[in-house]
Amino acid sequence: MQKARIIVGLGSCGIASGGKKVYEQLQQGIVSRGLDLAIEETGCIGMCYNEVLVDVILPAGKTTYKQVIPEMADRILDEHIVEGRIISEWTITQEDEVCLDRQQRIVLRNCGKISPESIDEYMEQGGYRAIEKVIKGMSPEMVVDEITLSGLRGRGGAGFPTGVKWGFANKSIGDKKYFICNADEGDPGAFMDRSVLEGDPHSIIEGMLIGGYAIGANHGYIYVRAEYPLAIKRLKIAIEQARTHGFIGQGICGSDFSFELEIKEGAGAFVCGEETALIASIEGSRGMPRLRPPFPAISGLYGKPTNINNVETLANIPWIILNGADGYASFGTEKSKGTKVFALAGKIQRGGLVEVPMGMSLREVIFDIGGGIAGTGKHEFKAVQLGGPSGGCIPSSLLDTPVDYDSINQTGAIMGSGGMVVMDNTTCMVDIARFFLNFTQNESCGKCTFCRIGTRRMLEILERIVAGNGLEGDIELLEDLAQNIRRTSLCGLGQTAPNPVLTTLKYFKSEYESHIKQRRCPAKACKELISFAIIDERCKGCGLCIKVCPCGAITGEKKKLHVLDVDKCVRCGQCVAKCKLEAIIKVDRW
Amino acid sequence: MVTLTIDGKQITVAKGTMILEAAEMAGVKIPALCADNRLIGFGACRMCVVQLKGRRSLIPSCFNPVKDGMEVITNSPEIIESRRGQLQLILAEHPLDCPVCDKAGECQLQDLVYEYGVNDNPYRMKAIKKAVERLSPLIERDMNRCILCGKCVRICNEVQGVGEISFINRGIKAYIGTDFDRPMECEFCGQCISVCPVGALNSKMFKYKTRVWDLKNETTLCPYCSNGCTLVLGIKDNEIKRVTGNYDAGINEGNLCSKGRFGYEFVSSPERLKKPLIKKDGRFEEAGWDEALNLAAAKFNEIKAASGADSIGGLGSARLTNEELYLFQRLIRQGIGTNNIDHNGRYQGLLALRESLGACGSTNSLHEIRKTKAILLIRANLNETHPNVRIEVNLAVNRNRASLIVADNKRTLLSRQAQANLTYKPGTEVALINGIINQVIKLELADKTFVNNKTEGLDALQTSVERYTPEYVEEICGVNKQELELAARAYAKAEKSCIIVATGMGLVGNDRDIALASSNLALLTGNVGKESCGVYILPEKNNSQGALEMGAVPGFLPGYKSVKKAGLGTAEMLESGKLKAMYIVGENPILTYPSSKVKEILEKMEFLVVQDMFMTPTAELADVVLPACSFAEKDGTYTNLEQRVQSLKNLKKILPCPGESRSDLEIFIDLCTRLGCDVDMQQEIKAGSLAISSAPNFSRDTWKGKFIPVEYGKDASLASDGKLLLVSSPSHLYSGTLSAWSPYLLGIGEACIELCMNDASRLGVRDNNMVVVSSKNAELKLKARISHDVPDGVGVVHTYPTINVMCLFGKEMMPIIGSVEQVI
């Protein structure tokens, strides 16, 4: 029987929602009431929209409270713990549970369940049994075969079969080999790696140990971006714990296999997620992709055979070893096995992390699990951006596309690391393309001419289009440049940088055309192309808009119709947001 | 081998060759802005894209290796369109200030834009303005013109091993710069300028001098160090306007150091001597050649008759050509009749190898270094002394992953890349090497087969090194056991290893013993007589090797034939006061000989002839000054450090000798005749070339290396009572016979004493303070420089052309105890 305890979700999302204060309040409450109750923290369970989540585990069962604020702490303790009455209006709903049930959690198996700072809890869940199994009963080649059989493909984006990659590194000859975990998650809108690092760091360590054993590496690096301080903190704790338990260091599990693990903090360059740039960065050089071949499996870190895997890939490994390749391959489609974690963000009802079997349709992920478009149902789904800045926008007509590597690639987007940014009809697709291109042109390392100068020129063109200064021929110029950048860039960053533009051009060309030809933004999102107007019959003269207007563009006496001076208006949109009567609307400016 | 066709031309090349290189061999030109034969493929510019027949994709030829049966197309409409697009993009960011750009005429971007007819641009120019960096000496950087090919960064890193500049920032804001945008503080080799395809990096010396198409380019040899680099002189109006390298000409593959590239000003210096001078009543008066030479001949004959031929001495220079040196020793030996001939050089190390290995000089050639697997540098701060040998070391370490062991009395720039850094106490090199030998024997790393078959005298060596245990070595050298063992393992275990020792007037230490100890170590590990192994003793000047071979030494005739009775050497000639007359050619002992008494001795001479390009402090004491011409105005051969004899190009028609100055050879012939010894030039040159010794044939059965044990003689005592142990560090400017008249070059160094933080604070000295450095031999005023490279208790004195710092050390040329006091 489990001991009575309270678990507070303290991933980055929980902390951002005020989780620490909730934790403190509960802690004080327990002490002041003299309760025999443990309080623990855990990582993100995926329901980021419901944070702060508090689990109350009593012998009677587990109850989860959602959106807890510090003020709710006392009542939870008094009513639920002391009196034994569940406060049903605060618990998670049926719908929330359904969306959890529809998921298949392999990578996130422990996230939100165990304390990330406790190796014991990880081991209670079967942790470090996989490495034991591997060391005691499997040869490195057997491990490679097992992973190959499972059909696991690299979750960093490109989807290269992990077992094959390990096979290369295993066969490569070198006096020293390295195993690197790529935790440089840089895509805007992607946070699954962070959640795993924060919620279940030991699974990464175990995955690396198994990988190290399989390829014959005795030294590992976790390259994690410095912007993830909590992940780094928990990784450091986990490494220390693993060391004291004898899973890192000499003679692991009584064998002669030894493994050392170090954390290398990245300095915030997106391009360092590219493996050769990442290696250069660990070596202390500028993070700049280099030419391949030689591939890292032959000559990587410090010129030695090196294997690099992404966080999510590694988190799968212990599960595959314990449950068998067949167990893993039973999920997913023919060519894409297993599950994939997606980070749902943007205009979605239930933003957060979901892990689903490959092959589920986009519609199911976004509508059945994600709950569809956020808000009161006024706006409708327009597109989903998949794969971050390297990915593309998929329109509603393709919502039934199954999520697997090949089907997604056919749409022009990519699976990428699994960021899903959902957009409704208030999002301008030209502006979205501009946003992502701005990101890539800033993050280009500057090596290849087309990537460095070409993305800049594309951005300039997009900037003038959204400003209403688009020129006849700009679309052709964009297409031309995009093709050239794609064809002549060295690394994945440049090769995929035009994808957001190309896919929006493919599916939403009319939006580009109306920007250029009619100087009209159909989504009414581009500031230079809209203006604001007050609908006379709706305005009650409450004066709220006058108060928020930063430049005195709205005038009018109380309870009388207000007037908006278009010349003074800077189109900040604050009045629209403030007006409860929806009396101020966006209209075409030209 | 792989066979492929490029634009229909069939070619067979080695496996692993890149398409770009194969095309070059096939005579097909593929444009590339970021490729260079000396650099690892980078793949930034994408001008070099090609297509394979039947495929649409564009592949960069610079990093795609050839495959059998490949059919490469280099100029399809698609390729041309892509290249045009590339150029259009670059031009959208490039200031078209070609009329004032020094690169115009040889700008690769300009040429390509012309070739591809890029006269339209769909992009509007919206470049970010960047500042032009003008504060660094010699190099000006205009980042507005930069196309970020990265060649400068890569040559600085990959070839030079310096890493002064790097990419900074990302994306469109990326540029090439130094840390925190400070002015450059490197060795100013100018390699970055030489590889820049556009006008982003410029030589300040060449800026606005002339348009490149007006230059006449002539190939000749570098007059500075013993590496023997080939220079391309850009000449206009009888003046050298710039110096560049050419990948296809010379052993240096186009690489040059600061001296070679920027040290040419002396040639056209207005201070060049133009007429013979005769001193009358303490003042020089211009004279005709006949008058001057007659006077010299008459005076020499007079003194010879009065005091004997041995009262006259000749001091030559290791910068003369082989032909001149041969004739000079004939003039002294036959014309005057004495063996009192020498040059101001430290060649004991070179001669020592004759005793042990039978080779007078380095055993292997220069380019073999890059293929070796381990390098032991002994007292070789190559960045300063032999920058282009440093390139070989750097290539071995970076490309071939050779292990590097740096044994020096301070940390050098190469220490950063070293596997082991043996920072020994000054003057203890022999103990250190013996310590390594001791470890090699103890750890059983010796090559027994080689030792048994090809050497003799092992027993004596074993007995002698027995006492150099790690503990004993640590006590003497201050190098700990682990480092010593690491070095021994790294050197002896590698499949091929070499030892490099630098020599020269600016270096203190017992050269002979260091060379012998080094050859003992090389023989013991079987590293002699094989490719990429051996011992390199690097001579100082461009023809130091030739000076030995031509017999410009008191103990040898040309070809190392011994003389009956050796004459006086430099030290005795300049310090003993035994001579009545001297003939000094191309040397300036007052500033370069390690004694402060030279001036006194020379002043006392009855008769002094100085032959030089400039009125040096030594020439000022002369009775007759003969104006000689420079390397650029004469013909002849130099022998470099690998004993390669290379020819100067006679540029007389392009660069006439200033005034009435003549080549040393012409002067020697004339004077020989006047001294009654006949010269038949054809015969002389033949005799000279015969004299050049060939390297020993190591593979011959009869060849055997000799172990010659050497002992650490406690020549250097340790400093105490707040005194410092002084050592010298040669600057890249050397003795100053040429560089002193190259103002730009002088601007990148200074005479100073380098101290560690502890000693400096103990002495109350701050960075850049003026201090008085004194030893038992001399006292000097120098600038203090505080550094982290120098160990406690050691003061490193840097040489500089305009000041004789070597006089601190005296003719023994060993580390010496001295004191440093602040100037109040």
# chains A, B, ... in the order shown; residues from 1 in each chain; ligands from 1
call {"tool": "select_by_dssp", "arguments": {"residues": "range 152-189 of chain A", "states": "strand (DSSP E or B)", "output": "list in words"}}
result
Arg153, Pro161, Tyr178, Phe179, Ile180, Cys181, Asn182 and Ala183 of chain A
call {"tool": "interface_residues", "arguments": {"of": "chain A", "to": "chain B", "cutoff": "9 Å", "atoms": "only C-alpha atoms", "output": "ChimeraX atom specification"}}
result
/A:269,286,290-293,440-457,477,481,484,487-490
call {"tool": "residues_around", "arguments": {"residues": "Glu600 in chain B", "least_positions_apart": "6", "cutoff": "10 Å", "atoms": "only C-alpha atoms", "output": "VMD selection string"}}
result
chain B and resid 574 to 575 577 590 621
call {"tool": "residues_around", "arguments": {"residues": "Gly207 in chain A", "least_positions_apart": "4", "cutoff": "8 Å", "atoms": "only C-alpha atoms", "output": "MDAnalysis selection string"}}
result
chainID A and resid 203 211 314:318
call {"tool": "residues_around", "arguments": {"residues": "Ile546 in chain A", "least_positions_apart": "6", "cutoff": "9 Å", "atoms": "only C-alpha atoms", "output": "NGL selection string"}}
result
:A and (552-556 or 562 or 575)
call {"tool": "closest_residue", "arguments": {"among": "A:Ala158, A:Leu209, A:Ile45, A:Ile7", "to": "Glu355 in chain A", "atoms": "only C-alpha atoms"}}
result
A:Ile45
